[in-house]
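Q: Provided below: target32.pdb, containing PDB, C-alpha atoms (C1' of nucleotides).
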```pdb
ATOM      1  CA  MET A   1     -19.741  -7.967  10.554
ATOM      2  CA  ARG A   2     -18.106  -6.216   7.632
ATOM      3  CA  LEU A   3     -14.322  -6.204   7.326
ATOM      4  CA  ALA A   4     -12.310  -4.320   4.725
ATOM      5  CA  THR A   5      -8.704  -3.751   3.702
ATOM      6  CA  TRP A   6      -7.406  -0.927   1.532
ATOM      7  CA  ASN A   7      -4.003   0.395   0.566
ATOM      8  CA  VAL A   8      -4.940   4.079   0.468
ATOM      9  CA  ASN A   9      -1.588   5.467  -0.786
ATOM     10  CA  SER A  10      -1.520   8.332   1.735
ATOM     11  CA  VAL A  11      -4.383   8.649   4.182
ATOM     12  CA  ARG A  12      -4.095  12.442   4.175
ATOM     13  CA  ALA A  13      -4.166  12.789   0.392
ATOM     14  CA  ARG A  14      -6.996  10.231   0.274
ATOM     15  CA  LEU A  15      -9.038  11.635   3.163
ATOM     16  CA  PRO A  16     -12.011  12.896   1.107
ATOM     17  CA  ARG A  17     -12.218   9.603  -0.760
ATOM     18  CA  LEU A  18     -11.732   7.596   2.440
ATOM     19  CA  LEU A  19     -14.475   9.418   4.344
ATOM     20  CA  GLU A  20     -16.859   9.105   1.425
ATOM     21  CA  TRP A  21     -16.084   5.406   1.087
ATOM     22  CA  LEU A  22     -16.436   4.699   4.819
ATOM     23  CA  ALA A  23     -19.798   6.466   4.951
ATOM     24  CA  GLU A  24     -21.039   4.505   1.955
ATOM     25  CA  THR A  25     -19.521   1.067   2.610
ATOM     26  CA  LYS A  26     -19.764   1.114   6.403
ATOM     27  CA  PRO A  27     -17.163  -1.514   7.278
ATOM     28  CA  ASP A  28     -17.063  -2.354  10.986
ATOM     29  CA  ILE A  29     -13.321  -2.893  10.728
ATOM     30  CA  ALA A  30     -11.024  -1.309   8.146
ATOM     31  CA  CYS A  31      -7.363  -2.196   7.671
ATOM     32  CA  LEU A  32      -5.429   0.591   5.952
ATOM     33  CA  GLN A  33      -1.954   0.501   4.431
ATOM     34  CA  GLU A  34       0.483   3.064   3.061
ATOM     35  CA  THR A  35      -0.964   5.782   5.249
ATOM     36  CA  LYS A  36       2.315   7.665   4.739
ATOM     37  CA  CYS A  37       2.071   9.694   7.920
ATOM     38  CA  PRO A  38       3.186   9.413  11.530
ATOM     39  CA  ALA A  39       0.534   8.309  14.014
ATOM     40  CA  ASP A  40       0.155  11.827  15.387
ATOM     41  CA  ARG A  41      -0.740  13.158  11.943
ATOM     42  CA  PHE A  42      -3.391  10.516  11.253
ATOM     43  CA  PRO A  43      -6.793  12.172  10.699
ATOM     44  CA  ALA A  44      -8.289  10.393  13.700
ATOM     45  CA  ALA A  45     -10.818  13.131  14.484
ATOM     46  CA  GLU A  46     -12.318  13.093  10.990
ATOM     47  CA  VAL A  47     -12.578   9.305  10.969
ATOM     48  CA  GLY A  48     -13.825   9.396  14.549
ATOM     49  CA  GLU A  49     -16.824  11.463  13.496
ATOM     50  CA  LEU A  50     -17.975   8.435  11.515
ATOM     51  CA  GLY A  51     -17.868   6.322  14.650
ATOM     52  CA  TYR A  52     -14.459   4.718  14.348
ATOM     53  CA  ALA A  53     -11.782   4.219  16.944
ATOM     54  CA  VAL A  54      -8.322   4.425  15.399
ATOM     55  CA  ALA A  55      -5.023   2.664  15.968
ATOM     56  CA  ALA A  56      -2.248   4.010  13.754
ATOM     57  CA  HIS A  57       1.393   3.149  13.249
ATOM     58  CA  GLY A  58       3.557   5.399  11.096
ATOM     59  CA  ASP A  59       7.148   6.372  10.617
ATOM     60  CA  GLY A  60       7.074   9.392   8.367
ATOM     61  CA  ARG A  61       7.317   9.624   4.649
ATOM     62  CA  TRP A  62       6.667   6.039   3.583
ATOM     63  CA  ASN A  63       4.831   2.964   4.824
ATOM     64  CA  GLY A  64       2.333   3.374   7.645
ATOM     65  CA  VAL A  65      -0.589   1.132   8.621
ATOM     66  CA  ALA A  66      -3.748   1.652  10.630
ATOM     67  CA  LEU A  67      -6.877  -0.030  11.925
ATOM     68  CA  LEU A  68     -10.309   1.571  12.157
ATOM     69  CA  SER A  69     -12.985  -0.147  14.179
ATOM     70  CA  SER A  70     -16.509   0.548  15.331
ATOM     71  CA  VAL A  71     -16.592  -2.723  17.295
ATOM     72  CA  GLY A  72     -13.784  -2.057  19.747
ATOM     73  CA  ILE A  73     -10.034  -1.861  19.381
ATOM     74  CA  ASP A  74      -7.995  -3.490  22.126
ATOM     75  CA  GLU A  75      -4.584  -5.061  22.660
ATOM     76  CA  VAL A  76      -2.993  -2.894  19.972
ATOM     77  CA  SER A  77       0.376  -4.127  18.694
ATOM     78  CA  LEU A  78       2.619  -1.753  16.751
ATOM     79  CA  GLY A  79       4.577  -4.197  14.634
ATOM     80  CA  PHE A  80       4.964  -7.865  15.555
ATOM     81  CA  PRO A  81       7.510  -9.707  17.734
ATOM     82  CA  GLY A  82      10.713 -10.410  15.814
ATOM     83  CA  GLU A  83       9.807  -8.051  12.964
ATOM     84  CA  PRO A  84      12.993  -7.172  11.085
ATOM     85  CA  GLY A  85      13.933  -3.710   9.882
ATOM     86  CA  PHE A  86      15.755  -2.878   6.695
ATOM     87  CA  GLY A  87      19.511  -2.546   6.915
ATOM     88  CA  GLY A  88      22.198  -4.004   9.072
ATOM     89  CA  GLU A  89      23.576  -7.339   7.995
ATOM     90  CA  LEU A  90      20.842  -7.920   5.433
ATOM     91  CA  GLY A  91      21.486  -4.959   3.183
ATOM     92  CA  GLU A  92      22.849  -1.499   2.836
ATOM     93  CA  PRO A  93      24.170   0.324   5.854
ATOM     94  CA  SER A  94      21.362   1.947   7.787
ATOM     95  CA  LEU A  95      21.365   5.635   8.596
ATOM     96  CA  LEU A  96      22.302   4.804  12.153
ATOM     97  CA  ASP A  97      25.267   2.780  10.885
ATOM     98  CA  GLU A  98      26.438   5.794   8.907
ATOM     99  CA  LEU A  99      26.186   7.856  12.038
ATOM    100  CA  GLY A 100      28.360   5.311  13.783
ATOM    101  CA  GLU A 101      25.547   4.174  16.063
ATOM    102  CA  LEU A 102      25.609   0.523  15.189
ATOM    103  CA  GLY A 103      22.620  -1.506  16.164
ATOM    104  CA  PRO A 104      19.804  -3.562  14.757
ATOM    105  CA  PRO A 105      17.741  -1.691  12.170
ATOM    106  CA  ARG A 106      14.473  -0.357  13.469
ATOM    107  CA  PRO A 107      11.397  -2.043  11.999
ATOM    108  CA  GLU A 108       9.424   0.033   9.540
ATOM    109  CA  ALA A 109       5.719   0.751  10.122
ATOM    110  CA  ARG A 110       4.370  -2.230   8.215
ATOM    111  CA  ALA A 111       2.163  -4.065  10.694
ATOM    112  CA  ILE A 112      -0.460  -3.190  13.265
ATOM    113  CA  GLY A 113      -2.621  -5.643  15.125
ATOM    114  CA  ALA A 114      -5.589  -5.273  17.435
ATOM    115  CA  THR A 115      -8.488  -7.223  18.814
ATOM    116  CA  CYS A 116     -11.716  -5.913  17.265
ATOM    117  CA  GLY A 117     -15.123  -7.460  17.767
ATOM    118  CA  GLY A 118     -13.588 -10.623  19.171
ATOM    119  CA  VAL A 119     -11.210 -11.095  16.233
ATOM    120  CA  ARG A 120      -7.462 -10.614  16.192
ATOM    121  CA  VAL A 121      -6.981  -8.366  13.147
ATOM    122  CA  TRP A 122      -3.704  -7.492  11.426
ATOM    123  CA  SER A 123      -3.215  -4.725   8.869
ATOM    124  CA  LEU A 124      -0.046  -5.542   6.928
ATOM    125  CA  TYR A 125       2.080  -3.794   4.328
ATOM    126  CA  ALA A 126       4.798  -6.119   3.072
ATOM    127  CA  PRO A 127       8.065  -4.692   1.747
ATOM    128  CA  ASN A 128       8.106  -4.214  -2.031
ATOM    129  CA  GLY A 129      11.423  -5.939  -2.664
ATOM    130  CA  ARG A 130      12.255  -3.690  -5.625
ATOM    131  CA  THR A 131      14.230  -6.246  -7.677
ATOM    132  CA  PRO A 132      15.134  -9.896  -7.004
ATOM    133  CA  ASP A 133      18.837  -8.998  -6.710
ATOM    134  CA  SER A 134      18.212  -6.162  -4.237
ATOM    135  CA  PRO A 135      18.846  -6.323  -0.501
ATOM    136  CA  HIS A 136      15.250  -5.121  -0.244
ATOM    137  CA  TYR A 137      14.174  -8.471  -1.684
ATOM    138  CA  LEU A 138      16.019 -10.420   1.023
ATOM    139  CA  TYR A 139      14.470  -8.098   3.578
ATOM    140  CA  LYS A 140      11.034  -8.856   2.126
ATOM    141  CA  LEU A 141      11.559 -12.615   2.477
ATOM    142  CA  ASP A 142      12.957 -12.184   5.981
ATOM    143  CA  TRP A 143       9.940 -10.071   6.951
ATOM    144  CA  PHE A 144       7.579 -12.804   5.758
ATOM    145  CA  MET A 145       9.482 -15.454   7.726
ATOM    146  CA  ALA A 146       9.175 -13.401  10.905
ATOM    147  CA  LEU A 147       5.508 -12.720  10.179
ATOM    148  CA  ARG A 148       4.855 -16.436   9.852
ATOM    149  CA  THR A 149       6.348 -17.042  13.288
ATOM    150  CA  ALA A 150       4.361 -14.217  14.911
ATOM    151  CA  ILE A 151       1.051 -15.175  13.306
ATOM    152  CA  GLY A 152       1.719 -18.830  14.094
ATOM    153  CA  ASP A 153       2.145 -17.942  17.760
ATOM    154  CA  GLU A 154      -1.207 -16.152  17.855
ATOM    155  CA  LEU A 155      -2.990 -18.946  16.003
ATOM    156  CA  GLY A 156      -1.444 -21.320  18.520
ATOM    157  CA  GLN A 157      -3.390 -19.453  21.206
ATOM    158  CA  ARG A 158      -6.529 -20.538  19.320
ATOM    159  CA  ARG A 159      -7.583 -16.971  18.644
ATOM    160  CA  PRO A 160      -9.944 -16.071  15.801
ATOM    161  CA  LEU A 161      -7.566 -14.217  13.498
ATOM    162  CA  VAL A 162      -7.467 -12.498  10.142
ATOM    163  CA  ALA A 163      -4.411 -10.999   8.435
ATOM    164  CA  CYS A 164      -5.263  -8.438   5.773
ATOM    165  CA  GLY A 165      -3.321  -6.073   3.631
ATOM    166  CA  ASP A 166      -0.946  -5.400   0.806
ATOM    167  CA  PHE A 167       1.243  -8.492   0.686
ATOM    168  CA  ASN A 168       3.071  -7.292  -2.437
ATOM    169  CA  VAL A 169       3.001 -10.816  -3.863
ATOM    170  CA  ALA A 170       0.707 -12.155  -6.595
ATOM    171  CA  PRO A 171      -0.099 -15.698  -5.415
ATOM    172  CA  THR A 172      -0.354 -17.232  -8.921
ATOM    173  CA  ASP A 173       0.235 -16.310 -12.552
ATOM    174  CA  ALA A 174      -3.519 -15.758 -12.866
ATOM    175  CA  ASP A 175      -3.104 -12.912 -10.393
ATOM    176  CA  VAL A 176      -1.193 -10.675 -12.818
ATOM    177  CA  TRP A 177      -2.520  -9.254 -16.057
ATOM    178  CA  ASP A 178       0.315 -10.760 -18.125
ATOM    179  CA  PRO A 179       2.811 -13.195 -16.595
ATOM    180  CA  ALA A 180       5.247 -12.480 -19.447
ATOM    181  CA  ALA A 181       5.414  -8.857 -18.342
ATOM    182  CA  PHE A 182       6.671  -9.927 -14.918
ATOM    183  CA  VAL A 183       9.576 -12.169 -15.875
ATOM    184  CA  GLY A 184      12.518 -11.133 -13.724
ATOM    185  CA  SER A 185      10.348  -8.998 -11.439
ATOM    186  CA  THR A 186       9.498  -9.227  -7.805
ATOM    187  CA  HIS A 187       5.935 -10.107  -6.683
ATOM    188  CA  VAL A 188       5.889 -13.342  -8.720
ATOM    189  CA  THR A 189       9.066 -15.204  -7.761
ATOM    190  CA  PRO A 190       8.891 -18.745  -6.368
ATOM    191  CA  ALA A 191      10.404 -17.638  -3.067
ATOM    192  CA  GLU A 192       7.783 -14.936  -2.555
ATOM    193  CA  ARG A 193       4.981 -17.339  -3.447
ATOM    194  CA  ARG A 194       6.497 -19.900  -1.101
ATOM    195  CA  ALA A 195       6.347 -17.309   1.686
ATOM    196  CA  LEU A 196       2.598 -16.982   1.097
ATOM    197  CA  ALA A 197       2.210 -20.756   0.964
ATOM    198  CA  GLU A 198       3.969 -21.032   4.316
ATOM    199  CA  LEU A 199       1.499 -18.566   5.799
ATOM    200  CA  ARG A 200      -1.392 -20.618   4.441
ATOM    201  CA  ALA A 201       0.233 -23.736   5.865
ATOM    202  CA  LEU A 202      -0.382 -22.251   9.315
ATOM    203  CA  GLY A 203      -4.087 -22.723   8.605
ATOM    204  CA  LEU A 204      -4.816 -19.376   6.981
ATOM    205  CA  HIS A 205      -7.351 -19.397   4.142
ATOM    206  CA  ASP A 206      -7.031 -17.103   1.133
ATOM    207  CA  VAL A 207     -10.390 -15.314   1.002
ATOM    208  CA  VAL A 208     -10.499 -14.651  -2.739
ATOM    209  CA  PRO A 209     -12.834 -11.747  -3.462
ATOM    210  CA  THR A 210     -15.302 -11.595  -6.350
ATOM    211  CA  PRO A 211     -14.242  -9.156  -9.050
ATOM    212  CA  MET A 212     -16.942  -6.629  -9.893
ATOM    213  CA  LYS A 213     -15.854  -6.740 -13.530
ATOM    214  CA  GLY A 214     -13.799  -9.212 -15.562
ATOM    215  CA  PRO A 215     -12.513 -12.621 -14.518
ATOM    216  CA  HIS A 216      -9.651 -11.543 -12.239
ATOM    217  CA  PRO A 217     -10.034 -10.121  -8.729
ATOM    218  CA  PHE A 218      -7.229  -7.619  -9.223
ATOM    219  CA  THR A 219      -6.718  -5.104  -6.445
ATOM    220  CA  TYR A 220      -3.947  -2.927  -7.864
ATOM    221  CA  TRP A 221      -3.544  -1.112 -11.171
ATOM    222  CA  ASP A 222      -0.591   1.168 -11.935
ATOM    223  CA  TYR A 223      -1.555   4.816 -12.283
ATOM    224  CA  ARG A 224       0.346   5.050 -15.563
ATOM    225  CA  ALA A 225      -0.670   4.340 -19.143
ATOM    226  CA  GLY A 226      -4.356   3.713 -18.488
ATOM    227  CA  MET A 227      -3.649   0.392 -16.822
ATOM    228  CA  PHE A 228      -6.873   0.450 -14.807
ATOM    229  CA  HIS A 229      -8.978   1.187 -17.825
ATOM    230  CA  GLN A 230      -7.472  -1.766 -19.665
ATOM    231  CA  ASN A 231      -7.846  -3.906 -16.532
ATOM    232  CA  LYS A 232      -4.109  -4.602 -16.488
ATOM    233  CA  GLY A 233      -3.869  -5.211 -12.786
ATOM    234  CA  MET A 234      -2.523  -7.455 -10.064
ATOM    235  CA  ARG A 235      -4.011  -9.269  -7.070
ATOM    236  CA  ILE A 236      -1.548  -8.376  -4.335
ATOM    237  CA  ASP A 237      -3.911  -7.298  -1.565
ATOM    238  CA  LEU A 238      -5.044 -10.354   0.342
ATOM    239  CA  VAL A 239      -7.282 -11.458   3.182
ATOM    240  CA  TYR A 240      -5.805 -14.445   4.993
ATOM    241  CA  ALA A 241      -8.304 -15.783   7.504
ATOM    242  CA  GLY A 242      -7.859 -18.345  10.233
ATOM    243  CA  ALA A 243     -10.336 -21.221  10.245
ATOM    244  CA  ALA A 244     -12.743 -19.543  12.653
ATOM    245  CA  VAL A 245     -13.004 -16.383  10.547
ATOM    246  CA  ALA A 246     -12.896 -18.237   7.211
ATOM    247  CA  GLY A 247     -15.909 -20.257   8.353
ATOM    248  CA  ARG A 248     -17.845 -17.039   8.852
ATOM    249  CA  VAL A 249     -17.204 -15.596   5.363
ATOM    250  CA  ARG A 250     -20.481 -14.990   3.574
ATOM    251  CA  SER A 251     -19.077 -13.025   0.633
ATOM    252  CA  ALA A 252     -16.147 -10.871  -0.450
ATOM    253  CA  TYR A 253     -15.627  -8.446  -3.318
ATOM    254  CA  VAL A 254     -13.153  -6.021  -4.794
ATOM    255  CA  ASP A 255     -14.607  -2.523  -4.675
ATOM    256  CA  ARG A 256     -13.256  -1.325  -7.997
ATOM    257  CA  GLU A 257     -15.609   1.673  -7.880
ATOM    258  CA  ALA A 258     -13.171   3.147  -5.370
ATOM    259  CA  ARG A 259     -10.424   2.994  -8.032
ATOM    260  CA  LYS A 260     -12.419   5.268 -10.369
ATOM    261  CA  GLY A 261     -12.957   8.990 -10.448
ATOM    262  CA  LYS A 262     -10.928  11.862  -9.115
ATOM    263  CA  GLY A 263      -7.948  11.258  -6.874
ATOM    264  CA  PRO A 264      -8.137   7.496  -6.323
ATOM    265  CA  SER A 265      -5.568   5.264  -4.657
ATOM    266  CA  ASP A 266      -3.841   2.893  -7.063
ATOM    267  CA  HIS A 267      -5.325   0.024  -5.004
ATOM    268  CA  ALA A 268      -8.984  -0.938  -4.595
ATOM    269  CA  PRO A 269     -10.443  -2.059  -1.264
ATOM    270  CA  ILE A 270     -11.491  -5.621  -0.526
ATOM    271  CA  VAL A 271     -14.746  -5.883   1.425
ATOM    272  CA  VAL A 272     -15.587  -9.075   3.333
ATOM    273  CA  ASP A 273     -18.936  -9.830   4.955
ATOM    274  CA  LEU A 274     -18.907 -12.239   7.892
ATOM    275  CA  VAL A 275     -21.906 -13.908   9.470
TER     276      VAL A 275
ATOM    277  C1'  DA B   1     -17.108   4.399 -19.727
ATOM    278  C1'  DT B   2     -13.367   4.214 -15.485
ATOM    279  C1'  DG B   3      -9.173   7.845 -18.833
ATOM    280  C1'  DC B   4      -3.410   7.848 -19.869
ATOM    281  C1'  DC B   5       1.017   8.647 -12.489
ATOM    282  C1'  DT B   6       1.067  10.000  -7.688
ATOM    283  C1'  DT B   7       2.992  10.844  -3.178
ATOM    284  C1'  DA B   8       5.814  13.346   0.630
ATOM    285  C1'  DT B   9       9.671  15.849   1.348
ATOM    286  C1'  DT B  10      15.622  17.899   2.932
ATOM    287  C1'  DT B  11      10.194  20.968  -2.946
ATOM    288  C1'  DC B  12      11.280  24.167  -8.854
ATOM    289  C1'  DA B  13      14.023  17.857  -7.952
ATOM    290  C1'  DT B  14      14.101  13.257  -5.993
ATOM    291  C1'  DA B  15      12.979   8.606  -4.331
ATOM    292  C1'  DA B  16       9.671   5.257  -4.146
ATOM    293  C1'  DG B  17       5.965   2.580  -5.601
ATOM    294  C1'  DA B  18       5.143  -2.654  -8.120
TER     295       DA B  18
END
```
Starting from the coordinates I provided, produce the structure as structure tokens.

A:
Amino acid sequence: MRLATWNVNSVRARLPRLLEWLAETKPDIACLQETKCPADRFPAAEVGELGYAVAAHGDGRWNGVALLSSVGIDEVSLGFPGEPGFGGELGEPSLLDELGELGPPRPEARAIGATCGGVRVWSLYAPNGRTPDSPHYLYKLDWFMALRTAIGDELGQRRPLVACGDFNVAPTDADVWDPAAFVGSTHVTPAERRALAELRALGLHDVVPTPMKGPHPFTYWDYRAGMFHQNKGMRIDLVYAGAAVAGRVRSAYVDREARKGKGPSDHAPIVVDLV
DNA sequence: ATGCCTTATTTCATAAGA
């Protein structure tokens, strides 16, 4: 079984590239992030022609996650139990607060789970955090804490599970092109790395993909200043597999070919082959 | 070579990304 994860940076803008890539790579399950469209605008018919069932979760202009599967897609969860939203007591007043309709902030579309081919699969898009002194950073850490609880509950049910996506954290200094360039930035702080470590402590294994070029399995390169062409990237897209799935991993690679050419996403897909 | 930012939207400007 072939599993993939890809931050597509708008599924509608990326549709030609996505369809081409699906037809060529033929993953059985694909986790997509940053679809940037509501579920009812997801190009389900186009993807469906390639044999995929779709589960999509979107909330408009930003965020958005989806799962494509040719091996079944059941028990779909839009978000996870206890998932926080941005706003309220953690940060700036939410829009609803400004309207005088106080209440807990609504979660953003950052997580979708489903059972596909006997595996509980999550497509995740962690909050960016912006800067370490931003309320968005506290929200990011809070989101990871809630994710740990939700994933822990599912692992406790002894389900084969894999959590894939854009975690917006580089696990180690080797996972950024120049650690000195990230001093004072999000994505590399001890607290963010601790959040990943706490996920791994649940029994999740970091399935590190093979880079197709160079020593680092980067998955993201900024669009600006020729960063991709200088291989100045980051490894922030991750595949965290429970023991049952990790034991089935035959190989994994970063498909940097998908980052080339006309109209690419700024992220490359990770492709994992399971026995 | 792979090529110097891109996306959606309240669009001729802005916010966000990381």

Q: Check which residues satisfy the PyMOL selection byres ((chain A and resi 71-78) around 7) in the file shown, then give them as an MDAnalysis selection string.

A: chainID A and resid 28 53 57 69:70 79:80 111:117

Q: So what does the PyMOL selection byres ((chain A) within 8 of (chain B)) actually pick up in this one, as a VMD selection string?

A: chain A and resid 9 to 10 36 61 to 62 128 130 168 186 to 187 222 to 226 228 to 229 260 to 261

Q: Save the residues we just selected, C-alpha atoms, as a PDB file, keeping the file's coordinate frame?

A:
```
ATOM      1  CA  ASN A   9      -1.588   5.467  -0.786  1.00  0.00           C
ATOM      2  CA  SER A  10      -1.520   8.332   1.735  1.00  0.00           C
ATOM      3  CA  LYS A  36       2.315   7.665   4.739  1.00  0.00           C
ATOM      4  CA  ARG A  61       7.317   9.624   4.649  1.00  0.00           C
ATOM      5  CA  TRP A  62       6.667   6.039   3.583  1.00  0.00           C
ATOM      6  CA  ASN A 128       8.106  -4.214  -2.031  1.00  0.00           C
ATOM      7  CA  ARG A 130      12.255  -3.690  -5.625  1.00  0.00           C
ATOM      8  CA  ASN A 168       3.071  -7.292  -2.437  1.00  0.00           C
ATOM      9  CA  THR A 186       9.498  -9.227  -7.805  1.00  0.00           C
ATOM     10  CA  HIS A 187       5.935 -10.107  -6.683  1.00  0.00           C
ATOM     11  CA  ASP A 222      -0.591   1.168 -11.935  1.00  0.00           C
ATOM     12  CA  TYR A 223      -1.555   4.816 -12.283  1.00  0.00           C
ATOM     13  CA  ARG A 224       0.346   5.050 -15.563  1.00  0.00           C
ATOM     14  CA  ALA A 225      -0.670   4.340 -19.143  1.00  0.00           C
ATOM     15  CA  GLY A 226      -4.356   3.713 -18.488  1.00  0.00           C
ATOM     16  CA  PHE A 228      -6.873   0.450 -14.807  1.00  0.00           C
ATOM     17  CA  HIS A 229      -8.978   1.187 -17.825  1.00  0.00           C
ATOM     18  CA  LYS A 260     -12.419   5.268 -10.369  1.00  0.00           C
ATOM     19  CA  GLY A 261     -12.957   8.990 -10.448  1.00  0.00           C
TER      20      GLY A 261
END
```

Q: One decimal, in Å: what's the spacing between CA of Ala195 (chain A) and CA of Phe144 (chain A)?

A: 6.2 Å

Q: If I take CA of Gln230 (chain A) and CA of Trp177 (chain A), how far is one from the other in Å, to one decimal?

A: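 That distance, rounded to one decimal, is 9.7 Å.
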
Q: To verify the selection step, state as a PyMOL selection string which residues the PyMOL selection byres ((chain A and resi 1) around 7) yields on this input.

A: chain A and resi 2-3+28+273-275

Q: Near Asp206 (chain A), counting only C-alpha atoms (C1' of nucleotides), which residues have an atom at most 9 Å away, once you skip same-chain residues fewer than 2 positions from it, shown as a PyMOL selection string?

A: chain A and resi 200+204+208+238-241+246

Q: Residues as selected, C-alpha atoms, written as a compact mmCIF listing (two decimals), keeping the file's coordinate frame, can you do that?

A:
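To be explicit, this is the file written out as out-v8.txt:
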```
# COMPACT_ATOMS: atom_id res chain seq x y z
CA ARG A 200 -1.39 -20.62 4.44
CA LEU A 204 -4.82 -19.38 6.98
CA VAL A 208 -10.50 -14.65 -2.74
CA LEU A 238 -5.04 -10.35 0.34
CA VAL A 239 -7.28 -11.46 3.18
CA TYR A 240 -5.80 -14.44 4.99
CA ALA A 241 -8.30 -15.78 7.50
CA ALA A 246 -12.90 -18.24 7.21
```

Q: Let me have the centre and edge lengths of the axis-aligned box enclosing all listed atoms of region 8-21 of chain A with 4 Å padding on every side, in Å to one decimal, as AutoDock Vina command-line options.

A:
```
--center_x -9.2 --center_y 8.5 --center_z 1.8 --size_x 23.3 --size_y 16.8 --size_z 13.1
```

Q: Measuring atom to atom with only C-alpha atoms, identify which of A:Lys26, A:His267, A:Lys213, A:Arg256 is nearest to Gly51 (chain A).

A: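 Of all the options, A:Lys26 lies closest to Gly51 (chain A).
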
Q: Point out the residue among A:Arg250, A:Arg159, A:Arg259, A:Arg148 with the least atom-to-atom distance to Trp221 (chain A), counting all atoms listed in the file.

A: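 Checking each of A:Arg250, A:Arg159, A:Arg259, A:Arg148 against Trp221 (chain A), counting all atoms listed in the file, the winner is A:Arg259.
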
Q: For Ile151 (chain A), which residue out of A:Leu202, A:Pro135, A:Ser123, A:Ser185 is the nearest one, using only C-alpha atoms?

A: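 Counting only C-alpha atoms, the residue closest to Ile151 (chain A) is A:Leu202.
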
Q: Skipping near chain neighbours, those fewer than 2 positions away, what residues fall within 12 Å of Ala13 (chain A) using all atoms listed in the file, listed as a list in words?

A: Val8, Asn9, Ser10, Val11, Leu15, Pro16, Arg17, Leu18, Leu19, Glu34, Thr35, Lys36, Cys37, Phe42, Pro43, Lys262, Gly263, Pro264 and Ser265 of chain A; DT6, DT7 and DA8 of chain B

Q: Give me, please, the distance in Å between CA of His216 (chain A) and CA of Asp237 (chain A), quoted to one decimal.

A: 12.8 Å

Q: Using the structure just given, write a file holding N, CA and C atoms for region 60-74 of chain A, as a PDB file, in the first residue's frame.

A:
```pdb
ATOM      1  N   GLY A  60     -12.653  28.012   4.201  1.00  0.00           N
ATOM      2  CA  GLY A  60     -12.590  29.238   3.427  1.00  0.00           C
ATOM      3  C   GLY A  60     -11.209  29.556   2.911  1.00  0.00           C
ATOM      4  N   ARG A  61     -10.746  30.710   3.243  1.00  0.00           N
ATOM      5  CA  ARG A  61      -9.580  31.273   2.571  1.00  0.00           C
ATOM      6  C   ARG A  61      -8.264  30.561   2.907  1.00  0.00           C
ATOM      7  N   TRP A  62      -8.123  30.155   4.176  1.00  0.00           N
ATOM      8  CA  TRP A  62      -6.860  29.562   4.592  1.00  0.00           C
ATOM      9  C   TRP A  62      -7.089  28.142   5.105  1.00  0.00           C
ATOM     10  N   ASN A  63      -6.001  27.483   5.422  1.00  0.00           N
ATOM     11  CA  ASN A  63      -6.061  26.139   6.008  1.00  0.00           C
ATOM     12  C   ASN A  63      -6.721  25.149   5.034  1.00  0.00           C
ATOM     13  N   GLY A  64      -7.407  24.172   5.591  1.00  0.00           N
ATOM     14  CA  GLY A  64      -8.058  23.166   4.767  1.00  0.00           C
ATOM     15  C   GLY A  64      -7.211  21.914   4.645  1.00  0.00           C
ATOM     16  N   VAL A  65      -7.837  20.758   4.902  1.00  0.00           N
ATOM     17  CA  VAL A  65      -7.154  19.465   4.821  1.00  0.00           C
ATOM     18  C   VAL A  65      -8.098  18.472   4.142  1.00  0.00           C
ATOM     19  N   ALA A  66      -7.519  17.426   3.587  1.00  0.00           N
ATOM     20  CA  ALA A  66      -8.350  16.436   2.901  1.00  0.00           C
ATOM     21  C   ALA A  66      -7.647  15.090   2.890  1.00  0.00           C
ATOM     22  N   LEU A  67      -8.445  14.061   2.656  1.00  0.00           N
ATOM     23  CA  LEU A  67      -7.927  12.703   2.479  1.00  0.00           C
ATOM     24  C   LEU A  67      -8.490  12.154   1.179  1.00  0.00           C
ATOM     25  N   LEU A  68      -7.627  11.547   0.386  1.00  0.00           N
ATOM     26  CA  LEU A  68      -8.037  10.828  -0.817  1.00  0.00           C
ATOM     27  C   LEU A  68      -7.696   9.365  -0.582  1.00  0.00           C
ATOM     28  N   SER A  69      -8.608   8.491  -0.966  1.00  0.00           N
ATOM     29  CA  SER A  69      -8.328   7.070  -0.764  1.00  0.00           C
ATOM     30  C   SER A  69      -8.978   6.221  -1.844  1.00  0.00           C
ATOM     31  N   SER A  70      -8.223   5.252  -2.318  1.00  0.00           N
ATOM     32  CA  SER A  70      -8.784   4.259  -3.236  1.00  0.00           C
ATOM     33  C   SER A  70      -8.980   2.921  -2.521  1.00  0.00           C
ATOM     34  N   VAL A  71      -8.796   2.936  -1.185  1.00  0.00           N
ATOM     35  CA  VAL A  71      -8.933   1.699  -0.411  1.00  0.00           C
ATOM     36  C   VAL A  71      -9.962   1.862   0.704  1.00  0.00           C
ATOM     37  N   GLY A  72     -10.944   2.722   0.446  1.00  0.00           N
ATOM     38  CA  GLY A  72     -12.011   2.947   1.409  1.00  0.00           C
ATOM     39  C   GLY A  72     -11.744   4.172   2.261  1.00  0.00           C
ATOM     40  N   ILE A  73     -12.839   4.795   2.700  1.00  0.00           N
ATOM     41  CA  ILE A  73     -12.691   5.988   3.536  1.00  0.00           C
ATOM     42  C   ILE A  73     -13.906   6.044   4.471  1.00  0.00           C
ATOM     43  N   ASP A  74     -13.683   5.582   5.685  1.00  0.00           N
ATOM     44  CA  ASP A  74     -14.775   5.423   6.648  1.00  0.00           C
ATOM     45  C   ASP A  74     -14.463   6.163   7.940  1.00  0.00           C
TER      46      ASP A  74
END
```
